[in-house]
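Participant: This structure is in structure tokens; I'll ask about it shortly.
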Amino acid sequence: MIKKVGILASGGDVSGFNAVIRAIVKTAENHDVECYGIVDGYNGLLKKEYEKLTTAANGEAIGILAKGGSIIGSSINSNLFNYKVVKEDGTVEYQDVSDKAIQNIKEFGFDCIFTLGGDGTQKSARDFSTKGVNVIGVPKTIDNDVACTEITFGYNTAVSVAMEALDRLHTTGETHHRIMVLEVMGRYAGWIALESAIAGGADVALIPEIPYDIHRVAEKIKNRQKRGKNFSVVVVAEGAKPINGEITVMGTRNNGTGVDNTHLGGIGQIIAQQLEELTGLESRNTTLGYMQRGGTPTAFDRVLSTKYGAKAMELALEGKFGTLTVIKNGKLDSVSLEEVVGKNTKIGAVSGNTQESNIRKVTMDHDLVKTARDIGINLGD
Ligand code: F6P
């Protein structure tokens, strides 16, 4: 019997966090289950920072469906199995503090912890599950790269924001006869770039899964020029790379060995400069950045988040722990966290979107790739 549950949000924020929280709380209340928010993700589990969540008149979980961010905070790069501890003398040590968190869970009496997050978060959730904690994951990320699900919450909003940016770039690009480049997020997966390129009528979409040849892209733009179209719109995923080349990075963080330290970005500016040289058309880059994560969720994300939250609570009531809510063949479902985390088997090992993780990338037989090619969007190859 489930009586008391905790909800934690972890990783970069997305639109839809609060909608999931609200759905879990509402479903829980229908079954007399008490809900607590764990403040700032896994950190709150360590520091015992909990916040009661209810939909009573002055409850924390009311009026939050349309609200961006996360009412219970979120933490980036807090892997309790490899946790950064700054000692009194200023030196940094990485410790496995998971047992302390487990003790806190037992002490407070949580019967289940819901982990709202992406690949890294679910990796930690799986590790806690292996150590006997009742965990249920909900797949979050604007990157849409969590394995075993067709869609993560937050992704649709990010695509919509990118689409709106493309609509705006179209009109200014057309007016000034320029190439307008839009750099979007997505880490090592090209979902945001590809889908927003189709939604926003872009001429080119460069994604990490298809290394590009800049000359092919310039050719496409020159062909448009020949047909009297003196402007073009190009979408570039932050993880896009040239054939035989590397991903462009802004820098490397120093958050320890248990997380992905790469800060991606900068490829948009490079592409704009190269295309200006190759085509003679003036080019401008816009990096969309955190606009993709903030603000109110789309109707699609509100509904998806609500479905995921309600399903997560249902799984808890059925005692189906160690699972992740997913959309499979268009239907709400669940899979084991073990299946999701895949080959990333070592407890405490690297989390996040790294080579060791099991992220879902764009495949060449995907409808989006086929459609993009059919309508003449250049994919850089
Ligand atoms: O994973 C979500 C995401 O927004 C990526 O698309 C992006 O590369 C990254 O997070 C940015 O992370 P941070 O918030 O640490 O700058």
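Chain identifiers are assigned as A, B, and so on, following the order in which chains appear in the structure tokens; residues are numbered from 1 within each chain, and ligands are numbered from 1 in order of appearance.
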How close does each residue of chain A get to ligand 1, giving the shortest atom pair and distance in Å to one decimal for every residue with an atom at most 6 Å away, counting only C-alpha atoms and all ligand atoms, sorted by chain and residue number, as CSV?

Facilitator:
```
residue,atom,partner,partner_atom_place_in_ligand_line,distance
A:Gly12,CA,ligand 1,14 (O),5.0
A:Thr141,CA,ligand 1,2 (C),5.8
A:Ile142,CA,ligand 1,2 (C),5.8
A:Asp143,CA,ligand 1,6 (O),5.5
A:Met185,CA,ligand 1,6 (O),4.1
A:Gly186,CA,ligand 1,6 (O),4.0
A:Arg187,CA,ligand 1,8 (O),4.6
A:Leu264,CA,ligand 1,8 (O),5.6
```

Participant: Could you find all residues in segment 104-175 of chain A that DSSP calls strand (DSSP E or B) from the backbone, and write them as a ChimeraX atom specification?

Facilitator: /A:112-117,135-140,153

Participant: Excluding same-chain residues fewer than 4 positions from Arg253 of chain A, what lies within 8 Å of it counting only C-alpha atoms, as a ChimeraX atom specification?

Facilitator: /A:261-263

Participant: Residues of the last selection are to be written out with N, CA and C atoms, as a compact mmCIF listing (two decimals), in the first residue's frame.

Facilitator:
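The resulting file, selection27.txt, is shown below:
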```
# COMPACT_ATOMS: atom_id res chain seq x y z
N ASN A 261 30.23 16.75 -19.11
CA ASN A 261 30.77 18.09 -18.87
C ASN A 261 30.82 18.99 -20.10
N THR A 262 30.39 18.47 -21.24
CA THR A 262 30.53 19.24 -22.47
C THR A 262 29.44 20.31 -22.60
N HIS A 263 29.86 21.55 -22.81
CA HIS A 263 28.91 22.64 -23.06
C HIS A 263 28.90 22.89 -24.56
```

Participant: Could you check how far atom CA of Ala202 of chain A sits from atom CA of Phe300 of chain A, in Å to one decimal?

Facilitator: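 Separation of atom CA of Ala202 of chain A and atom CA of Phe300 of chain A: 22.4 Å.
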
Participant: Just checking: using only C-alpha atoms, which residue out of A:Asn358, A:Ser75, A:Thr298, A:Asn378 ends up closest to Tyr155 of chain A?

Facilitator: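 Looking only at the distances to Tyr155 of chain A, the closest residue turns out to be A:Thr298.
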
Participant: For Lys220 of chain A, which residue out of A:Asp381, A:Asp374, A:Gly173, A:Ser283 is the nearest one, using only C-alpha atoms?

Facilitator: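 Checking each of A:Asp381, A:Asp374, A:Gly173, A:Ser283 against Lys220 of chain A, counting only C-alpha atoms, the winner is A:Asp381.
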
Participant: May I ask for the distance between atom CA of Gln122 of chain A and atom CA of Ser336 of chain A, given in Å to one decimal place?

Facilitator: 10.6 Å

Participant: Would you pick out the contacts of Gly68 of chain A at 8 Å or less, using only C-alpha atoms, so that residues sharing its chain but fewer than 2 positions from it are not included, and give the list as a PDB file with C-alpha atoms, in the first residue's frame?

Facilitator:
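Wrote part34.pdb, looks like this:
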```pdb
ATOM      1  CA  VAL A  14      11.463  22.105 -19.632  1.00  0.00           C
ATOM      2  CA  SER A  15       7.916  23.354 -20.089  1.00  0.00           C
ATOM      3  CA  GLY A  16       5.692  20.680 -18.607  1.00  0.00           C
ATOM      4  CA  PHE A  17       7.482  19.873 -15.336  1.00  0.00           C
ATOM      5  CA  ASN A  18       4.662  21.466 -13.334  1.00  0.00           C
ATOM      6  CA  ALA A  66       0.443  26.587 -17.500  1.00  0.00           C
ATOM      7  CA  SER A  70       9.538  23.688 -11.852  1.00  0.00           C
ATOM      8  CA  GLY A 294      11.263  28.373 -20.517  1.00  0.00           C
ATOM      9  CA  GLY A 295       7.659  29.486 -20.437  1.00  0.00           C
ATOM     10  CA  THR A 296       4.270  27.909 -20.779  1.00  0.00           C
ATOM     11  CA  PRO A 297       3.868  24.428 -22.328  1.00  0.00           C
TER      12      PRO A 297
END
```

Participant: Kindly indicate which residue among A:Lys229, A:Arg126, A:His170, A:Lys241 lies nearest to Leu324 of chain A, using only C-alpha atoms for the distances.

Facilitator: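 Ranked by minimum distance to Leu324 of chain A, first place goes to A:Arg126.
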
Participant: To one decimal place, how far is atom CA of Ile327 of chain A from atom CA of Thr149 of chain A in Å?

Facilitator: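 Going from atom CA of Ile327 of chain A over to atom CA of Thr149 of chain A covers 5.1 Å.
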
Participant: Could you give me, as JSON, numbers by chain, each residue of segment 102-287 of chain A that DSSP assigns to helix (DSSP H, G or I) when run on this structure's backbone?

Facilitator: {"A": [102, 103, 104, 105, 106, 107, 108, 119, 120, 121, 122, 123, 124, 125, 126, 127, 128, 129, 130, 155, 156, 157, 158, 159, 160, 161, 162, 163, 164, 165, 166, 167, 168, 169, 170, 171, 172, 173, 174, 175, 176, 191, 192, 193, 194, 195, 196, 197, 198, 199, 214, 215, 216, 217, 218, 219, 220, 221, 222, 223, 224, 225, 226, 267, 268, 269, 270, 271, 272, 273, 274, 275, 276, 277, 278, 279]}

Participant: Let's have the selection written as a compact mmCIF listing (two decimals), in the first residue's frame, with C-alpha atoms.

Facilitator:
```txt
# COMPACT_ATOMS: atom_id res chain seq x y z
CA ILE A 102 18.34 5.99 0.94
CA GLN A 103 18.45 6.37 4.72
CA ASN A 104 16.62 9.72 4.37
CA ILE A 105 13.98 8.12 2.14
CA LYS A 106 13.37 5.40 4.75
CA GLU A 107 13.36 7.85 7.66
CA PHE A 108 10.74 10.10 6.06
CA ASP A 119 18.80 10.01 -19.53
CA GLY A 120 21.12 10.97 -16.65
CA THR A 121 18.26 11.24 -14.16
CA GLN A 122 16.85 7.85 -15.15
CA LYS A 123 20.34 6.35 -14.93
CA SER A 124 20.48 7.42 -11.26
CA ALA A 125 16.87 6.24 -10.78
CA ARG A 126 17.85 2.81 -12.09
CA ASP A 127 20.84 2.76 -9.74
CA PHE A 128 18.57 3.60 -6.76
CA SER A 129 16.13 0.94 -7.91
CA THR A 130 18.97 -1.61 -7.98
CA TYR A 155 10.05 18.58 -26.58
CA ASN A 156 6.91 19.78 -28.35
CA THR A 157 7.14 23.19 -26.68
CA ALA A 158 10.79 23.53 -27.72
CA VAL A 159 9.87 22.68 -31.32
CA SER A 160 7.06 25.23 -31.25
CA VAL A 161 9.39 27.96 -29.97
CA ALA A 162 11.91 27.11 -32.71
CA MET A 163 9.14 27.13 -35.31
CA GLU A 164 8.04 30.59 -34.23
CA ALA A 165 11.64 31.81 -34.44
CA LEU A 166 11.89 30.40 -37.97
CA ASP A 167 8.70 32.17 -39.03
CA ARG A 168 10.21 35.44 -37.81
CA LEU A 169 13.60 34.77 -39.40
CA HIS A 170 11.87 34.07 -42.72
CA THR A 171 10.41 37.55 -43.00
CA THR A 172 13.56 39.41 -42.03
CA GLY A 173 15.71 37.11 -44.23
CA GLU A 174 13.43 37.65 -47.21
CA THR A 175 13.40 41.41 -46.73
CA HIS A 176 17.20 41.76 -46.61
CA TRP A 191 15.03 15.96 -33.22
CA ILE A 192 14.41 19.64 -32.45
CA ALA A 193 16.30 20.79 -35.54
CA LEU A 194 14.61 18.36 -37.90
CA GLU A 195 11.05 18.76 -36.70
CA SER A 196 11.24 22.55 -36.39
CA ALA A 197 12.78 22.76 -39.87
CA ILE A 198 9.72 21.00 -41.28
CA ALA A 199 7.29 23.00 -39.13
CA ILE A 214 29.09 22.65 -46.28
CA HIS A 215 29.53 22.73 -50.06
CA ARG A 216 26.34 20.70 -50.49
CA VAL A 217 24.50 23.22 -48.32
CA ALA A 218 25.93 26.15 -50.33
CA GLU A 219 24.87 24.38 -53.54
CA LYS A 220 21.29 24.14 -52.29
CA ILE A 221 21.27 27.87 -51.47
CA LYS A 222 22.78 28.78 -54.86
CA ASN A 223 20.11 26.71 -56.60
CA ARG A 224 17.50 28.70 -54.75
CA GLN A 225 19.24 31.91 -55.88
CA LYS A 226 19.05 30.68 -59.50
CA ILE A 267 28.18 25.90 -34.67
CA GLY A 268 25.51 28.35 -35.96
CA GLN A 269 27.98 31.22 -36.22
CA ILE A 270 30.51 29.04 -38.04
CA ILE A 271 27.91 27.84 -40.55
CA ALA A 272 26.71 31.42 -41.17
CA GLN A 273 30.27 32.61 -41.90
CA GLN A 274 31.05 29.69 -44.19
CA LEU A 275 27.82 30.10 -46.14
CA GLU A 276 28.42 33.83 -46.58
CA GLU A 277 31.85 33.09 -48.07
CA LEU A 278 30.57 30.30 -50.32
CA THR A 279 27.40 31.98 -51.63
```

Participant: Could you list, as a VMD selection string, every residue within 9 Å of Ala61 of chain A, counting only C-alpha atoms and ignoring same-chain residues fewer than 4 positions away?

Facilitator: chain A and resid 18 21 to 22 25 to 26 53 to 56 65 71

Participant: Using N, CA and C atoms, can you export the residues from the last selection as a PDB file, in the first residue's frame?

Facilitator:
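Final output, saved to result_20.pdb:
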```pdb
ATOM      1  N   ASN A  18       5.738  21.224 -14.307  1.00  0.00           N
ATOM      2  CA  ASN A  18       4.662  21.466 -13.334  1.00  0.00           C
ATOM      3  C   ASN A  18       3.382  20.712 -13.682  1.00  0.00           C
ATOM      4  N   ILE A  21       3.829  17.284 -12.306  1.00  0.00           N
ATOM      5  CA  ILE A  21       3.705  17.317 -10.834  1.00  0.00           C
ATOM      6  C   ILE A  21       2.224  17.389 -10.445  1.00  0.00           C
ATOM      7  N   ARG A  22       1.502  18.287 -11.113  1.00  0.00           N
ATOM      8  CA  ARG A  22       0.067  18.477 -10.819  1.00  0.00           C
ATOM      9  C   ARG A  22      -0.716  17.179 -11.040  1.00  0.00           C
ATOM     10  N   VAL A  25      -0.021  14.654  -8.283  1.00  0.00           N
ATOM     11  CA  VAL A  25      -0.687  15.037  -7.034  1.00  0.00           C
ATOM     12  C   VAL A  25      -2.201  14.782  -7.127  1.00  0.00           C
ATOM     13  N   LYS A  26      -2.797  15.179  -8.255  1.00  0.00           N
ATOM     14  CA  LYS A  26      -4.250  15.002  -8.391  1.00  0.00           C
ATOM     15  C   LYS A  26      -4.637  13.521  -8.347  1.00  0.00           C
ATOM     16  N   LEU A  53       2.838  18.876  -1.146  1.00  0.00           N
ATOM     17  CA  LEU A  53       2.120  19.314  -2.345  1.00  0.00           C
ATOM     18  C   LEU A  53       0.668  18.861  -2.280  1.00  0.00           C
ATOM     19  N   THR A  54      -0.256  19.823  -2.362  1.00  0.00           N
ATOM     20  CA  THR A  54      -1.683  19.463  -2.381  1.00  0.00           C
ATOM     21  C   THR A  54      -2.413  20.375  -3.365  1.00  0.00           C
ATOM     22  N   THR A  55      -3.645  20.014  -3.651  1.00  0.00           N
ATOM     23  CA  THR A  55      -4.463  20.906  -4.482  1.00  0.00           C
ATOM     24  C   THR A  55      -5.550  21.576  -3.628  1.00  0.00           C
ATOM     25  N   ALA A  56      -5.292  21.664  -2.328  1.00  0.00           N
ATOM     26  CA  ALA A  56      -6.215  22.392  -1.438  1.00  0.00           C
ATOM     27  C   ALA A  56      -6.189  23.879  -1.818  1.00  0.00           C
ATOM     28  N   LEU A  65      -0.568  24.398 -13.975  1.00  0.00           N
ATOM     29  CA  LEU A  65      -0.589  23.686 -15.266  1.00  0.00           C
ATOM     30  C   LEU A  65       0.130  24.467 -16.363  1.00  0.00           C
ATOM     31  N   ILE A  71       8.117  24.092  -9.914  1.00  0.00           N
ATOM     32  CA  ILE A  71       7.831  24.666  -8.580  1.00  0.00           C
ATOM     33  C   ILE A  71       8.669  24.014  -7.485  1.00  0.00           C
TER      34      ILE A  71
END
```

Participant: Can you tell me, as a PyMOL selection string, what residues are no more than 12 Å from Tyr308 of chain A when counting only C-alpha atoms, ignoring any on the same chain fewer than 4 positions away?

Facilitator: chain A and resi 16-24+27+114-116+136-140+149+151-154+301-304+312-315+324-327+331-334

Participant: Could you tell me which of A:Glu150, A:Pro242, A:Phe110, A:Asp13 comes closest to His366 of chain A if we count only C-alpha atoms?

Facilitator: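 Counting only C-alpha atoms, the residue closest to His366 of chain A is A:Glu150.
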
Participant: When distances are computed from only C-alpha atoms, which of A:Met291, A:Leu46, A:Ile64, A:Ala237 shows the smallest separation from Ala205 of chain A?

Facilitator: A:Ala237

Participant: Determine, counting only C-alpha atoms, which protein, DNA and RNA residues have an atom within 6 Å of an atom of segment 91-96 of chain A; residues of the same chain fewer than 5 positions away are not included. Present the result as a PyMOL selection string.

Facilitator: chain A and resi 81-86

Participant: Let me see the file: selected residues, N, CA and C atoms, as a PDB file, in the first residue's frame.

Facilitator:
```
ATOM      1  N   PHE A  81      25.583   9.177  -6.781  1.00  0.00           N
ATOM      2  CA  PHE A  81      26.503   8.031  -6.776  1.00  0.00           C
ATOM      3  C   PHE A  81      27.941   8.484  -7.042  1.00  0.00           C
ATOM      4  N   ASN A  82      28.068   9.747  -7.401  1.00  0.00           N
ATOM      5  CA  ASN A  82      29.393  10.314  -7.682  1.00  0.00           C
ATOM      6  C   ASN A  82      29.292  11.815  -7.435  1.00  0.00           C
ATOM      7  N   TYR A  83      29.105  12.183  -6.179  1.00  0.00           N
ATOM      8  CA  TYR A  83      28.665  13.521  -5.800  1.00  0.00           C
ATOM      9  C   TYR A  83      29.835  14.436  -5.473  1.00  0.00           C
ATOM     10  N   LYS A  84      29.755  15.661  -6.011  1.00  0.00           N
ATOM     11  CA  LYS A  84      30.835  16.618  -5.790  1.00  0.00           C
ATOM     12  C   LYS A  84      30.755  17.194  -4.372  1.00  0.00           C
ATOM     13  N   VAL A  85      31.774  16.960  -3.573  1.00  0.00           N
ATOM     14  CA  VAL A  85      31.803  17.491  -2.204  1.00  0.00           C
ATOM     15  C   VAL A  85      33.005  18.426  -2.084  1.00  0.00           C
ATOM     16  N   VAL A  86      32.721  19.694  -1.718  1.00  0.00           N
ATOM     17  CA  VAL A  86      33.819  20.644  -1.531  1.00  0.00           C
ATOM     18  C   VAL A  86      34.184  20.621  -0.045  1.00  0.00           C
TER      19      VAL A  86
END
```

Participant: Can you work out which one of A:Asp260, A:Glu338, A:Glu238, A:Asp213 has the shortest atom-to-atom distance to Leu182 of chain A, counting only C-alpha atoms?

Facilitator: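 Among A:Asp260, A:Glu338, A:Glu238, A:Asp213, it is A:Glu238 that comes nearest to Leu182 of chain A.
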